[in-house]
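To be precise, the following lines are target_21.txt, and they hold compact mmCIF, C-alpha atoms and all ligand atoms.
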# COMPACT_ATOMS: atom_id res chain seq x y z
CA MET A 1 0.00 0.00 0.00
CA LEU A 2 1.36 3.39 -0.95
CA SER A 3 0.43 4.95 2.41
CA LYS A 4 2.54 2.36 4.29
CA ARG A 5 5.42 2.78 1.88
CA LYS A 6 5.37 6.56 2.29
CA ASN A 7 5.79 6.21 6.06
CA ASN A 8 8.82 4.04 5.59
CA PHE A 9 10.19 6.47 3.03
CA ASN A 10 9.73 9.49 5.28
CA ASN A 11 11.57 7.74 8.11
CA LEU A 12 14.60 7.49 5.86
CA SER A 13 14.64 11.08 4.61
CA GLU A 14 17.99 11.84 6.31
CA GLU A 15 19.70 9.05 4.40
CA TYR A 16 18.93 10.61 1.02
CA LEU A 17 20.64 13.83 2.09
CA LYS A 18 23.94 12.17 2.96
CA ASP A 19 26.86 12.07 0.52
CA LYS A 20 26.87 8.33 0.94
CA SER A 21 24.32 6.03 2.50
CA GLU A 22 24.68 2.46 3.65
CA VAL A 23 20.95 1.83 3.82
CA THR A 24 20.01 -0.59 1.08
CA PHE A 25 16.69 -2.05 -0.06
CA TYR A 26 16.13 -5.57 -1.42
CA ASN A 27 19.31 -6.92 0.16
CA LEU A 28 21.41 -5.14 -2.50
CA PRO A 29 25.20 -4.84 -1.95
CA LYS A 30 26.09 -1.64 -0.07
CA LYS A 31 29.01 -0.82 -2.34
CA VAL A 32 28.14 -0.21 -5.98
CA GLU A 33 30.52 -1.81 -8.44
CA PHE A 34 30.52 -1.87 -12.25
CA CYS A 35 32.01 -4.73 -14.24
CA LYS A 36 35.41 -3.78 -15.67
CA THR A 37 34.68 -5.38 -19.01
CA CYS A 38 30.95 -4.78 -19.70
CA THR A 39 29.94 -2.08 -17.11
CA MET A 40 27.05 -4.15 -15.67
CA SER A 41 26.32 -3.27 -12.06
CA ASN A 42 26.68 -5.60 -9.07
CA GLN A 43 23.18 -4.42 -8.04
CA LYS A 44 21.58 -6.56 -10.74
CA PRO A 45 19.43 -9.31 -9.20
CA ILE A 46 19.60 -12.81 -10.65
CA GLN A 47 16.45 -14.45 -12.01
CA THR A 48 13.90 -14.81 -9.23
CA ILE A 49 11.48 -17.64 -8.57
CA GLU A 50 8.46 -15.39 -8.75
CA HIS A 51 5.76 -17.73 -7.44
CA THR A 52 7.36 -18.14 -3.99
CA GLN A 53 8.22 -14.48 -3.46
CA ASN A 54 6.72 -13.53 -0.12
CA LEU A 55 6.30 -9.96 1.08
CA SER A 56 5.03 -10.56 4.56
CA GLU A 57 7.70 -8.76 6.57
CA ASN A 58 9.20 -5.30 6.23
CA ILE A 59 8.24 -3.93 2.83
CA THR A 60 11.72 -2.89 1.71
CA THR A 61 13.76 -5.72 3.20
CA SER A 62 11.60 -8.79 2.63
CA ASP A 63 11.80 -8.49 -1.15
CA LYS A 64 15.27 -10.06 -0.86
CA LYS A 65 17.36 -10.30 -3.99
CA VAL A 66 20.41 -12.36 -4.77
CA THR A 67 22.63 -10.27 -7.02
CA LEU A 68 25.00 -10.87 -9.90
CA ASP A 69 28.23 -12.54 -8.83
CA PHE A 70 31.44 -10.50 -9.23
CA LYS A 71 35.03 -11.79 -9.07
CA ASP A 72 38.01 -9.43 -9.31
CA GLY A 73 35.75 -6.74 -10.75
CA ILE A 74 34.38 -8.98 -13.52
CA CYS A 75 30.73 -10.05 -13.59
CA TYR A 76 29.50 -13.62 -14.01
CA ALA A 77 28.09 -12.88 -17.49
CA CYS A 78 31.51 -11.80 -18.80
CA ARG A 79 33.28 -14.74 -17.18
CA HIS A 80 30.71 -17.08 -18.67
CA ARG A 81 31.06 -15.45 -22.08
CA ASN A 82 34.84 -15.92 -21.94
CA LYS A 83 34.48 -19.58 -21.11
CA LYS A 84 32.26 -20.02 -24.16
CA LYS A 85 35.07 -18.91 -26.45
CA ASP A 86 36.60 -22.39 -26.17
CA ILE A 87 33.44 -24.26 -27.13
CA ASP A 88 33.58 -26.45 -30.21
CA TRP A 89 30.25 -25.43 -31.75
CA LYS A 90 30.38 -28.11 -34.44
CA LYS A 91 30.53 -30.76 -31.74
CA LYS A 92 27.70 -29.07 -29.87
CA GLU A 93 25.56 -29.01 -32.97
CA PHE A 94 26.19 -32.71 -33.47
CA GLU A 95 24.93 -33.34 -29.91
CA PHE A 96 21.92 -31.16 -30.65
CA ARG A 97 21.02 -33.20 -33.73
CA LYS A 98 21.35 -36.40 -31.74
CA LEU A 99 18.97 -35.05 -29.12
CA LEU A 100 16.46 -33.93 -31.76
CA ASP A 101 16.55 -37.38 -33.36
CA LYS A 102 15.33 -38.86 -30.11
CA TYR A 103 12.19 -36.73 -30.28
CA ARG A 104 11.74 -36.49 -34.05
CA SER A 105 8.30 -37.56 -35.25
CA ARG A 106 8.23 -40.39 -37.77
CA ASN A 107 4.99 -39.37 -39.43
CA GLY A 108 5.53 -35.62 -39.65
CA SER A 109 3.29 -34.71 -36.71
CA TYR A 110 4.26 -32.01 -34.24
CA ASP A 111 7.35 -32.97 -32.27
CA ILE A 112 8.55 -29.76 -30.56
CA VAL A 113 6.93 -26.90 -28.68
CA CYS A 114 8.59 -23.53 -29.32
CA PRO A 115 7.40 -20.88 -26.87
CA GLY A 116 7.81 -17.27 -27.91
CA SER A 117 6.32 -14.16 -29.41
CA GLY A 118 7.77 -14.15 -32.92
CA GLY A 119 10.45 -11.69 -31.89
CA LYS A 120 13.93 -12.16 -33.31
CA ASP A 121 14.99 -14.90 -30.88
CA SER A 122 11.97 -17.20 -30.92
CA PHE A 123 11.63 -16.66 -34.68
CA LYS A 124 15.16 -17.89 -35.29
CA VAL A 125 14.79 -20.95 -33.04
CA ALA A 126 11.53 -22.17 -34.59
CA HIS A 127 12.68 -21.34 -38.11
CA GLU A 128 15.96 -23.24 -37.84
CA LEU A 129 14.26 -26.18 -36.16
CA LYS A 130 11.86 -26.48 -39.04
CA TYR A 131 13.94 -25.53 -42.07
CA LYS A 132 17.46 -26.53 -41.03
CA TYR A 133 16.87 -29.48 -38.69
CA GLY A 134 13.69 -30.82 -40.33
CA MET A 135 11.61 -30.86 -37.16
CA ASN A 136 7.87 -30.13 -36.90
CA PRO A 137 7.49 -27.38 -34.30
CA ILE A 138 4.28 -25.90 -33.02
CA THR A 139 4.75 -22.44 -31.51
CA CYS A 140 2.95 -21.14 -28.45
CA THR A 141 2.62 -17.67 -26.99
CA PHE A 142 1.60 -16.32 -23.63
CA ALA A 143 0.13 -13.04 -24.83
CA PRO A 144 1.62 -9.72 -23.70
CA CYS A 145 -0.31 -7.51 -21.28
CA ILE A 146 -0.90 -4.77 -23.87
CA TYR A 147 0.20 -5.66 -27.39
CA THR A 148 2.18 -3.05 -29.31
CA ASP A 149 1.45 -2.79 -33.06
CA THR A 150 4.99 -4.05 -33.65
CA GLY A 151 4.41 -7.07 -31.39
CA LYS A 152 1.19 -8.04 -33.16
CA ASN A 153 2.79 -7.58 -36.54
CA ASN A 154 5.75 -9.78 -35.66
CA LEU A 155 3.58 -12.59 -34.31
CA ILE A 156 1.67 -12.65 -37.61
CA ASN A 157 4.96 -12.48 -39.51
CA TRP A 158 6.10 -15.60 -37.60
CA ILE A 159 2.89 -17.48 -38.37
CA ASN A 160 3.05 -16.48 -42.03
CA THR A 161 6.55 -17.89 -42.32
CA GLY A 162 5.22 -21.40 -41.79
CA PHE A 163 4.20 -21.94 -38.18
CA SER A 164 1.02 -22.86 -36.37
CA ASN A 165 0.66 -20.88 -33.18
CA TYR A 166 -1.35 -21.34 -30.02
CA ASN A 167 -1.80 -17.96 -28.39
CA PHE A 168 -3.02 -18.02 -24.80
CA THR A 169 -4.52 -14.76 -23.52
CA MET A 170 -5.24 -14.27 -19.83
CA ASP A 171 -8.51 -13.15 -18.32
CA GLY A 172 -8.00 -9.40 -18.67
CA LYS A 173 -9.91 -8.41 -15.57
CA ILE A 174 -7.76 -10.61 -13.32
CA HIS A 175 -4.52 -9.95 -15.15
CA ARG A 176 -4.91 -6.20 -14.85
CA LEU A 177 -5.65 -6.44 -11.14
CA PHE A 178 -2.74 -8.80 -10.43
CA THR A 179 -0.30 -6.74 -12.49
CA ARG A 180 -1.46 -3.67 -10.64
CA LEU A 181 -0.86 -5.35 -7.27
CA CYS A 182 2.62 -6.37 -8.41
CA ILE A 183 3.38 -2.74 -9.22
CA ASP A 184 2.03 -1.40 -5.95
CA ASN A 185 3.72 -4.05 -3.79
CA LEU A 186 6.91 -4.91 -5.66
CA LEU A 187 7.19 -2.28 -8.39
CA HIS A 188 7.40 -5.26 -10.71
CA PRO A 189 5.02 -4.76 -13.67
CA PHE A 190 6.05 -8.06 -15.25
CA GLN A 191 5.74 -10.49 -12.37
CA THR A 192 2.36 -11.86 -13.43
CA TRP A 193 3.36 -12.08 -17.08
CA ILE A 194 6.62 -13.86 -16.22
CA MET A 195 4.71 -16.35 -14.06
CA GLY A 196 2.26 -17.12 -16.85
CA GLN A 197 4.92 -17.17 -19.55
CA LYS A 198 7.02 -19.67 -17.58
CA ALA A 199 4.07 -21.87 -16.53
CA PHE A 200 2.14 -22.03 -19.78
CA PRO A 201 4.48 -23.92 -22.18
CA ASN A 202 4.67 -26.94 -19.83
CA LYS A 203 0.89 -27.12 -19.64
CA PHE A 204 0.65 -26.75 -23.39
CA ALA A 205 3.26 -29.51 -23.90
CA LYS A 206 1.22 -31.78 -21.65
CA MET A 207 -2.01 -30.94 -23.47
CA MET A 208 -0.43 -31.62 -26.87
CA LYS A 209 1.50 -34.67 -25.62
CA ILE A 210 4.75 -33.22 -27.00
CA PRO A 211 7.44 -33.59 -24.32
CA LEU A 212 10.24 -31.54 -25.90
CA VAL A 213 10.10 -27.75 -25.38
CA ILE A 214 12.86 -25.58 -26.86
CA TYR A 215 13.46 -22.04 -25.64
CA GLY A 216 15.92 -19.54 -27.10
CA GLU A 217 18.27 -18.31 -24.47
CA ASN A 218 19.09 -19.64 -21.02
CA PRO A 219 19.04 -16.93 -18.32
CA ARG A 220 22.13 -18.69 -16.99
CA GLU A 221 24.06 -16.94 -19.79
CA TYR A 222 23.79 -13.80 -17.65
CA ASP A 223 23.79 -14.77 -14.01
CA GLN A 224 25.05 -17.52 -11.77
CA GLY A 225 21.54 -18.77 -11.02
CA THR A 226 20.11 -20.19 -7.85
CA LYS A 227 22.12 -22.72 -5.86
CA SER A 228 20.67 -25.81 -7.43
CA ALA A 229 20.94 -24.57 -11.00
CA PHE A 230 24.07 -25.46 -12.89
CA TYR A 231 24.60 -24.69 -16.54
CA ASP A 232 23.54 -27.42 -18.93
CA GLU A 233 21.07 -27.69 -21.81
CA ASN A 234 18.04 -27.54 -19.52
CA VAL A 235 16.16 -24.43 -18.49
CA ILE A 236 16.28 -23.62 -14.79
CA ARG A 237 13.59 -25.98 -13.65
CA GLU A 238 12.56 -24.19 -10.47
CA LEU A 239 11.63 -21.09 -12.46
CA HIS A 240 9.13 -23.08 -14.54
CA THR A 241 7.72 -25.59 -12.04
CA ARG A 242 6.75 -25.72 -8.38
CA GLU A 243 7.07 -28.21 -5.58
CA LYS A 244 3.77 -29.79 -4.62
CA ASN A 245 3.69 -28.22 -1.17
CA ASP A 246 5.00 -24.77 -2.11
CA GLU A 247 2.88 -21.93 -0.80
CA LEU A 248 2.20 -19.70 -3.81
CA PHE A 249 2.33 -15.92 -3.91
CA ILE A 250 1.35 -13.24 -6.37
CA ALA A 251 2.54 -9.68 -5.78
CA GLY A 252 4.08 -10.98 -2.55
CA ILE A 253 0.61 -11.92 -1.19
CA PRO A 254 -0.40 -15.54 -0.53
CA LEU A 255 -2.54 -16.69 -3.45
CA GLU A 256 -5.06 -18.27 -1.10
CA LYS A 257 -5.55 -14.93 0.65
CA LEU A 258 -6.10 -13.16 -2.69
CA LYS A 259 -8.65 -15.77 -3.71
CA LYS A 260 -10.51 -15.63 -0.44
CA ASP A 261 -10.54 -11.88 0.08
CA LEU A 262 -11.25 -10.87 -3.51
CA GLY A 263 -13.63 -13.77 -4.20
CA LEU A 264 -11.68 -15.37 -7.07
CA SER A 265 -12.21 -18.83 -8.51
CA ASN A 266 -9.59 -21.51 -9.25
CA ALA A 267 -10.10 -20.91 -12.97
CA GLU A 268 -9.31 -17.22 -12.58
CA VAL A 269 -5.90 -17.87 -11.05
CA GLU A 270 -4.97 -21.00 -13.00
CA PRO A 271 -2.71 -19.36 -15.62
CA TYR A 272 -0.26 -18.24 -12.92
CA ILE A 273 0.20 -21.63 -11.25
CA PRO A 274 3.18 -23.66 -12.48
CA MET A 275 3.06 -27.39 -13.04
CA THR A 276 4.35 -29.45 -10.12
CA THR A 277 7.77 -31.09 -10.56
CA GLU A 278 6.01 -34.41 -9.97
CA ASP A 279 3.69 -33.85 -12.90
CA TYR A 280 6.56 -32.54 -15.02
CA ASP A 281 8.54 -35.74 -14.46
CA LYS A 282 5.51 -37.94 -14.96
CA GLU A 283 4.84 -36.31 -18.32
CA GLY A 284 8.51 -36.71 -19.28
CA ILE A 285 8.74 -33.05 -20.26
CA LYS A 286 12.18 -31.79 -21.24
CA CYS A 287 12.70 -28.03 -21.59
CA ILE A 288 16.00 -27.05 -23.14
CA THR A 289 17.60 -23.94 -24.57
CA PHE A 290 18.82 -23.43 -28.12
CA SER A 291 21.61 -21.14 -26.91
CA TYR A 292 23.32 -24.03 -25.12
CA TYR A 293 24.04 -25.67 -28.46
CA HIS A 294 24.62 -22.64 -30.66
CA ASP A 295 26.81 -19.56 -30.68
CA TRP A 296 23.95 -17.24 -29.81
CA HIS A 297 24.14 -13.64 -30.96
CA GLN A 298 21.10 -11.40 -30.49
CA GLN A 299 21.96 -8.90 -33.19
CA GLY A 300 22.69 -11.86 -35.49
CA ASN A 301 19.20 -13.17 -34.71
CA TYR A 302 17.78 -9.88 -35.88
CA TYR A 303 19.62 -10.16 -39.22
CA TYR A 304 18.37 -13.74 -39.47
CA VAL A 305 14.70 -12.80 -39.06
CA ARG A 306 15.12 -9.84 -41.42
CA ASP A 307 16.57 -12.11 -44.12
CA ASN A 308 14.17 -15.02 -43.61
CA SER A 309 10.78 -13.37 -43.35
CA GLU A 310 8.80 -10.82 -45.29
CA ASP A 311 7.34 -8.49 -42.73
CA PHE A 312 9.37 -8.36 -39.50
CA LYS A 313 9.26 -4.87 -38.04
CA LEU A 314 11.48 -2.99 -35.64
CA SER A 315 9.94 -0.58 -33.22
CA GLU A 316 9.18 2.67 -35.07
CA GLN A 317 11.02 4.69 -32.49
CA ARG A 318 13.78 3.64 -30.14
CA SER A 319 12.47 2.02 -26.96
CA ALA A 320 12.13 4.29 -23.90
CA GLY A 321 15.26 4.48 -21.76
CA THR A 322 17.57 3.13 -24.43
CA TYR A 323 18.94 3.53 -27.94
CA SER A 324 17.92 0.17 -29.39
CA ARG A 325 14.93 -0.75 -31.53
CA TYR A 326 15.21 -4.52 -31.90
CA SER A 327 14.55 -6.25 -28.57
CA SER A 328 11.51 -6.60 -26.26
CA LEU A 329 9.05 -5.00 -28.63
CA ASP A 330 5.79 -6.83 -27.91
CA ASP A 331 4.35 -5.28 -24.81
CA LYS A 332 3.62 -1.67 -23.95
CA ILE A 333 4.40 -2.61 -20.34
CA ASP A 334 8.07 -3.23 -21.36
CA ASP A 335 8.85 0.46 -21.16
CA LEU A 336 7.41 0.64 -17.67
CA TYR A 337 9.24 -2.50 -16.58
CA TYR A 338 12.68 -1.21 -17.52
CA TYR A 339 11.94 2.09 -15.86
CA THR A 340 11.24 0.20 -12.62
CA THR A 341 14.56 -1.67 -12.81
CA PHE A 342 16.20 1.74 -12.91
CA VAL A 343 14.19 2.85 -9.89
CA LYS A 344 14.92 -0.24 -7.80
CA PHE A 345 18.43 -1.22 -8.86
CA GLY A 346 19.77 1.87 -10.65
CA ILE A 347 19.97 -0.11 -13.90
CA GLY A 348 17.99 1.17 -16.87
CA ARG A 349 17.30 -0.42 -20.20
CA ALA A 350 20.27 1.24 -21.93
CA GLN A 351 22.59 -0.49 -19.50
CA TYR A 352 21.08 -3.92 -20.16
CA ASP A 353 21.34 -3.33 -23.92
CA ALA A 354 24.82 -1.79 -23.89
CA CYS A 355 26.37 -4.43 -21.60
CA HIS A 356 24.93 -7.10 -23.79
CA GLU A 357 26.37 -5.55 -26.92
CA VAL A 358 29.79 -5.09 -25.32
CA ARG A 359 29.89 -8.77 -24.43
CA ALA A 360 28.77 -9.70 -27.93
CA GLY A 361 31.52 -7.50 -29.38
CA ASP A 362 29.10 -5.09 -31.10
CA ILE A 363 30.20 -1.91 -29.28
CA ASN A 364 33.13 -0.99 -27.02
CA ILE A 365 33.05 -0.10 -23.34
CA GLU A 366 33.45 3.66 -23.90
CA GLU A 367 30.49 3.69 -26.29
CA ALA A 368 28.52 1.72 -23.72
CA LYS A 369 29.27 4.23 -20.96
CA ALA A 370 28.21 7.15 -23.14
CA LEU A 371 24.93 5.46 -24.10
CA ILE A 372 24.19 4.56 -20.47
CA LYS A 373 24.81 8.16 -19.37
CA LYS A 374 22.60 9.51 -22.11
CA TYR A 375 19.54 7.28 -21.64
CA THR A 376 19.48 5.94 -18.09
CA GLY A 377 16.40 6.96 -16.14
CA GLU A 378 14.51 8.31 -19.14
CA TYR A 379 10.81 8.43 -18.29
CA PRO A 380 8.66 6.09 -20.45
CA THR A 381 6.29 8.68 -21.88
CA ARG A 382 5.16 7.04 -25.11
CA PHE A 383 2.62 4.44 -23.83
CA MET A 384 1.88 5.95 -20.43
CA LYS A 385 -1.71 6.93 -21.27
CA ASP A 386 -2.63 3.39 -22.35
CA ILE A 387 -0.79 1.88 -19.40
CA CYS A 388 -2.58 4.09 -16.85
CA LYS A 389 -5.93 3.19 -18.35
CA TRP A 390 -5.11 -0.53 -18.33
CA LEU A 391 -3.92 -0.45 -14.72
CA SER A 392 -6.86 1.53 -13.34
CA ILE A 393 -9.26 -0.83 -11.58
CA LYS A 394 -12.93 0.03 -11.05
CA LYS A 395 -13.68 0.41 -7.34
CA ASP A 396 -16.50 -2.11 -7.36
CA ALA A 397 -14.84 -4.62 -9.69
CA PHE A 398 -13.77 -6.83 -6.76
CA LYS A 399 -14.93 -7.13 -3.20
CA ASN A 400 -12.49 -5.95 -0.52
CA LEU A 401 -10.38 -4.14 -3.11
CA ASP A 402 -9.61 -1.42 -0.55
CA LYS A 403 -7.70 -3.99 1.51
CA PHE A 404 -5.10 -4.16 -1.25
CA LEU A 405 -5.06 -0.78 -3.01
CA ASP A 406 -5.47 2.65 -1.50
CA GLN A 407 -6.18 4.20 -4.86
CA PRO A 408 -7.69 1.95 -7.58
CA GLU A 409 -7.15 4.59 -10.23
CA PHE A 410 -3.63 4.52 -11.66
CA THR A 411 -2.29 7.92 -12.69
CA GLU A 412 1.15 9.20 -13.62
CA GLU A 413 1.26 11.22 -10.39
CA TYR A 414 0.43 8.13 -8.38
CA PHE A 415 3.12 6.14 -10.20
CA ALA A 416 5.69 8.90 -9.62
CA ASP A 417 4.94 8.93 -5.87
CA LEU A 418 5.15 5.17 -5.73
CA CYS A 419 8.49 5.06 -7.55
CA GLU A 420 10.12 7.43 -5.07
CA THR A 421 9.35 5.05 -2.22
CA PHE A 422 11.15 2.20 -4.01
CA LYS A 423 14.43 4.12 -4.39
CA SER A 424 17.10 2.79 -2.08
CA PRO A 425 19.13 5.47 -0.22
CA HIS A 426 22.46 3.87 -1.16
CA LEU A 427 21.59 4.40 -4.86
CA PHE A 428 19.63 7.66 -4.86
CA LYS A 429 20.14 11.09 -3.32
CA LYS A 430 18.12 14.21 -2.76
CA THR A 431 19.16 17.20 -4.87
CA ASN A 432 17.30 20.27 -6.06
CA GLU A 433 15.39 18.15 -8.57
CA LYS A 434 11.86 17.03 -7.76
CA LYS A 435 12.75 13.35 -7.99
CA LEU A 436 15.59 11.62 -6.16
CA GLN A 437 18.66 11.38 -8.41
CA ILE A 438 20.87 8.39 -9.15
CA ARG A 439 24.20 8.45 -7.29
CA TYR A 440 26.33 6.22 -9.53
CA LEU A 441 26.59 5.44 -13.23
CA PRO A 442 29.43 3.52 -14.88
ZN ZN B 1 30.59 -7.97 -17.18

Kindly present the structure from the file in structure tokens form.
Ligand SMILES: [Zn+2]
Amino acid sequence: MLSKRKNNFNNLSEEYLKDKSEVTFYNLPKKVEFCKTCTMSNQKPIQTIEHTQNLSENITTSDKKVTLDFKDGICYACRHRNKKKDIDWKKKEFEFRKLLDKYRSRNGSYDIVCPGSGGKDSFKVAHELKYKYGMNPITCTFAPCIYTDTGKNNLINWINTGFSNYNFTMDGKIHRLFTRLCIDNLLHPFQTWIMGQKAFPNKFAKMMKIPLVIYGENPREYDQGTKSAFYDENVIRELHTREKNDELFIAGIPLEKLKKDLGLSNAEVEPYIPMTTEDYDKEGIKCITFSYYHDWHQQGNYYYVRDNSEDFKLSEQRSAGTYSRYSSLDDKIDDLYYYTTFVKFGIGRAQYDACHEVRAGDINIEEAKALIKKYTGEYPTRFMKDICKWLSIKKDAFKNLDKFLDQPEFTEEYFADLCETFKSPHLFKKTNEKKLQIRYLP
């Protein structure tokens, strides 16, 4: 609740005035460090298991993050990238073909599920599987919150290139409410979408009786992962499944409480609930990543889709908070999401893009620093009107709504107030500007 957050924020007002503060939110490291080779920050959290994220205790300390591992000033992603230089990709591709042969259909029926949106990465994976490796993929999509024109166009472009697609769209009334709660409680506009997007392909694979699911990139390319996750061909299982007895949370609130208080049915919350590991094993589902077997290059994937389809479109203007036009183009909420990573961790979209391109050898570190300085913290103006409308909940739409939101209407002023309360004193300081300002950039 914003009112509660404001109290906490006001209690810390002294900290924002100091030259340096040691008060951190989300368990972030007190000392800010930037990777010597790519400039990524040590404040970057690793992939989170969203469905067990509990916010029952103190509102700024219970959202506990594990952050990117640094050694001798070099981040995990760069160290991992260096290790990959020695990989014999021909040998890896041979292993990949062997694995595909195990699952290859003998009568030409569907034999692989390819989750994605038809963006450059999922396009390339499905396209190569069909036209290079001779497989029979069916694609599936967990629809964005608010489609952009570019996103819609690129999904159709994918389909028109020779793919059947199963597009699952959530109940909009519930999805808007849950996304709104995630913003108010965690400043995480994508939590609900991530939960659905990770849970859905397994359920679809079960429904279609196709056990092999192939994703594009493994998040382990960029962070060290949770304890149990080591880097192999598989996706990080605990992000996509749940243990039978796990208590589930959405927006940090127990799911059972949300159901009871707001009067929701099982059907209404089903899309967010992952398959149990038991069920996953019983069905023999195997989820792997294409990037484990191939020298993955995002910009290269863009050239691939451009050359192998008729109507792929880049965003008409550069995305908010960055200089690029070719990644994360499907959802209007994207802009808002990257703005919130800046607010919580001091890392905006330009930094994600630039670090990535430095590691891929597309730009150098000085260019990266200049781009980060220029775009970090840019306010996501372009879709804000649509986003505010989508996130505004009618007062009488749910019973007991006032238990969860102190203002059902979502406005830019409300969002601005909320954002300030999520800024950690060790990353932001009070100056003459209206908003708190970032202390450190690479
Ligand atoms: Zn690095």

**Q.** Selection: 6 Å around segment 137-143 of chain A, all atoms listed in the file, excl. self and same-chain fewer than 5 positions, as a PyMOL selection string
**A.** chain A and resi 110-117+164-169+197

**Q.** Given only C-alpha atoms and all ligand atoms as the counted atoms, nearest of A:Tyr303, A:Tyr231, A:Tyr76, A:Phe342 to ligand ZN 1 (chain B)
**A.**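 Nearest to ligand ZN 1 (chain B): A:Tyr76.
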
Step by step, gather every atom of segment 154-161 of chain A that the file lists, find the box along x, y and z that holds them, add 3 Å on each side, and finally give centre and edge lengths in Å to one decimal, as lines of an AutoDock Vina configuration file.
center_x = 4.1
center_y = -13.8
center_z = -38.3
size_x = 10.9
size_y = 14.1
size_z = 14.0

Each residue of chain A lying at most 7 Å from ligand ZN 1 (chain B) should get a row with its shortest atom-to-atom pair and the distance in Å to one decimal, counting all atoms listed in the file; could you produce that, ordered by chain and increasing number, as CSV?
residue,atom,partner,partner_atom,distance
A:Cys35,CA,B:ZN1,ZN,4.6
A:Lys36,CA,B:ZN1,ZN,6.6
A:Thr37,CA,B:ZN1,ZN,5.2
A:Cys38,CA,B:ZN1,ZN,4.1
A:Thr39,CA,B:ZN1,ZN,5.9
A:Met40,CA,B:ZN1,ZN,5.4
A:Ile74,CA,B:ZN1,ZN,5.4
A:Cys75,CA,B:ZN1,ZN,4.2
A:Tyr76,CA,B:ZN1,ZN,6.6
A:Ala77,CA,B:ZN1,ZN,5.5
A:Cys78,CA,B:ZN1,ZN,4.3

Q: Could you jot down the atom CA of Thr341 of chain A to atom CA of Asn202 of chain A separation for me, Å, one decimal place?
A: 28.0 Å

Q.
Just to confirm, what's the straight-line distance from atom CA of Gly172 of chain A to atom CA of Pro380 of chain A in Å (one decimal)?
A.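 Going from atom CA of Gly172 of chain A over to atom CA of Pro380 of chain A, I get 22.8 Å.
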
Q: For Val235 of chain A, list every protein, DNA or RNA residue within 12 Å, evaluated using only C-alpha atoms, and leave out those in the same chain fewer than 2 positions away; present the list as JSON, numbers by chain.
A: {"A": [47, 198, 202, 212, 213, 214, 215, 216, 217, 218, 219, 220, 221, 225, 229, 230, 231, 232, 233, 237, 238, 239, 240, 241, 285, 286, 287, 288, 289, 290, 291, 292]}

For those residues, write C-alpha atoms to a file as a PDB file, in the frame of the given file.
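See again31.pdb below for the written result:
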ATOM      1  CA  GLN A  47      16.450 -14.450 -12.010  1.00  0.00           C
ATOM      2  CA  LYS A 198       7.020 -19.670 -17.580  1.00  0.00           C
ATOM      3  CA  ASN A 202       4.670 -26.940 -19.830  1.00  0.00           C
ATOM      4  CA  LEU A 212      10.240 -31.540 -25.900  1.00  0.00           C
ATOM      5  CA  VAL A 213      10.100 -27.750 -25.380  1.00  0.00           C
ATOM      6  CA  ILE A 214      12.860 -25.580 -26.860  1.00  0.00           C
ATOM      7  CA  TYR A 215      13.460 -22.040 -25.640  1.00  0.00           C
ATOM      8  CA  GLY A 216      15.920 -19.540 -27.100  1.00  0.00           C
ATOM      9  CA  GLU A 217      18.270 -18.310 -24.470  1.00  0.00           C
ATOM     10  CA  ASN A 218      19.090 -19.640 -21.020  1.00  0.00           C
ATOM     11  CA  PRO A 219      19.040 -16.930 -18.320  1.00  0.00           C
ATOM     12  CA  ARG A 220      22.130 -18.690 -16.990  1.00  0.00           C
ATOM     13  CA  GLU A 221      24.060 -16.940 -19.790  1.00  0.00           C
ATOM     14  CA  GLY A 225      21.540 -18.770 -11.020  1.00  0.00           C
ATOM     15  CA  ALA A 229      20.940 -24.570 -11.000  1.00  0.00           C
ATOM     16  CA  PHE A 230      24.070 -25.460 -12.890  1.00  0.00           C
ATOM     17  CA  TYR A 231      24.600 -24.690 -16.540  1.00  0.00           C
ATOM     18  CA  ASP A 232      23.540 -27.420 -18.930  1.00  0.00           C
ATOM     19  CA  GLU A 233      21.070 -27.690 -21.810  1.00  0.00           C
ATOM     20  CA  ARG A 237      13.590 -25.980 -13.650  1.00  0.00           C
ATOM     21  CA  GLU A 238      12.560 -24.190 -10.470  1.00  0.00           C
ATOM     22  CA  LEU A 239      11.630 -21.090 -12.460  1.00  0.00           C
ATOM     23  CA  HIS A 240       9.130 -23.080 -14.540  1.00  0.00           C
ATOM     24  CA  THR A 241       7.720 -25.590 -12.040  1.00  0.00           C
ATOM     25  CA  ILE A 285       8.740 -33.050 -20.260  1.00  0.00           C
ATOM     26  CA  LYS A 286      12.180 -31.790 -21.240  1.00  0.00           C
ATOM     27  CA  CYS A 287      12.700 -28.030 -21.590  1.00  0.00           C
ATOM     28  CA  ILE A 288      16.000 -27.050 -23.140  1.00  0.00           C
ATOM     29  CA  THR A 289      17.600 -23.940 -24.570  1.00  0.00           C
ATOM     30  CA  PHE A 290      18.820 -23.430 -28.120  1.00  0.00           C
ATOM     31  CA  SER A 291      21.610 -21.140 -26.910  1.00  0.00           C
ATOM     32  CA  TYR A 292      23.320 -24.030 -25.120  1.00  0.00           C
TER      33      TYR A 292
END

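Among the candidate residues A:Gly377, A:Gly134, A:Gly321, A:Gly300, the one lying nearest to Asp353 of chain A is A:Gly321, with distances computed using only C-alpha atoms.
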
Q. What separation in Å, quoted to one decimal, exists between atom CA of Phe25 of chain A and atom CA of Tyr379 of chain A?
A.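 For atom CA of Phe25 of chain A relative to atom CA of Tyr379 of chain A, the distance reads 21.8 Å.
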
Q: Measuring atom to atom with all atoms listed in the file, identify which of A:Lys18, A:Tyr293, A:Glu283, A:Tyr337 is nearest to Leu100 of chain A.
A: A:Tyr293
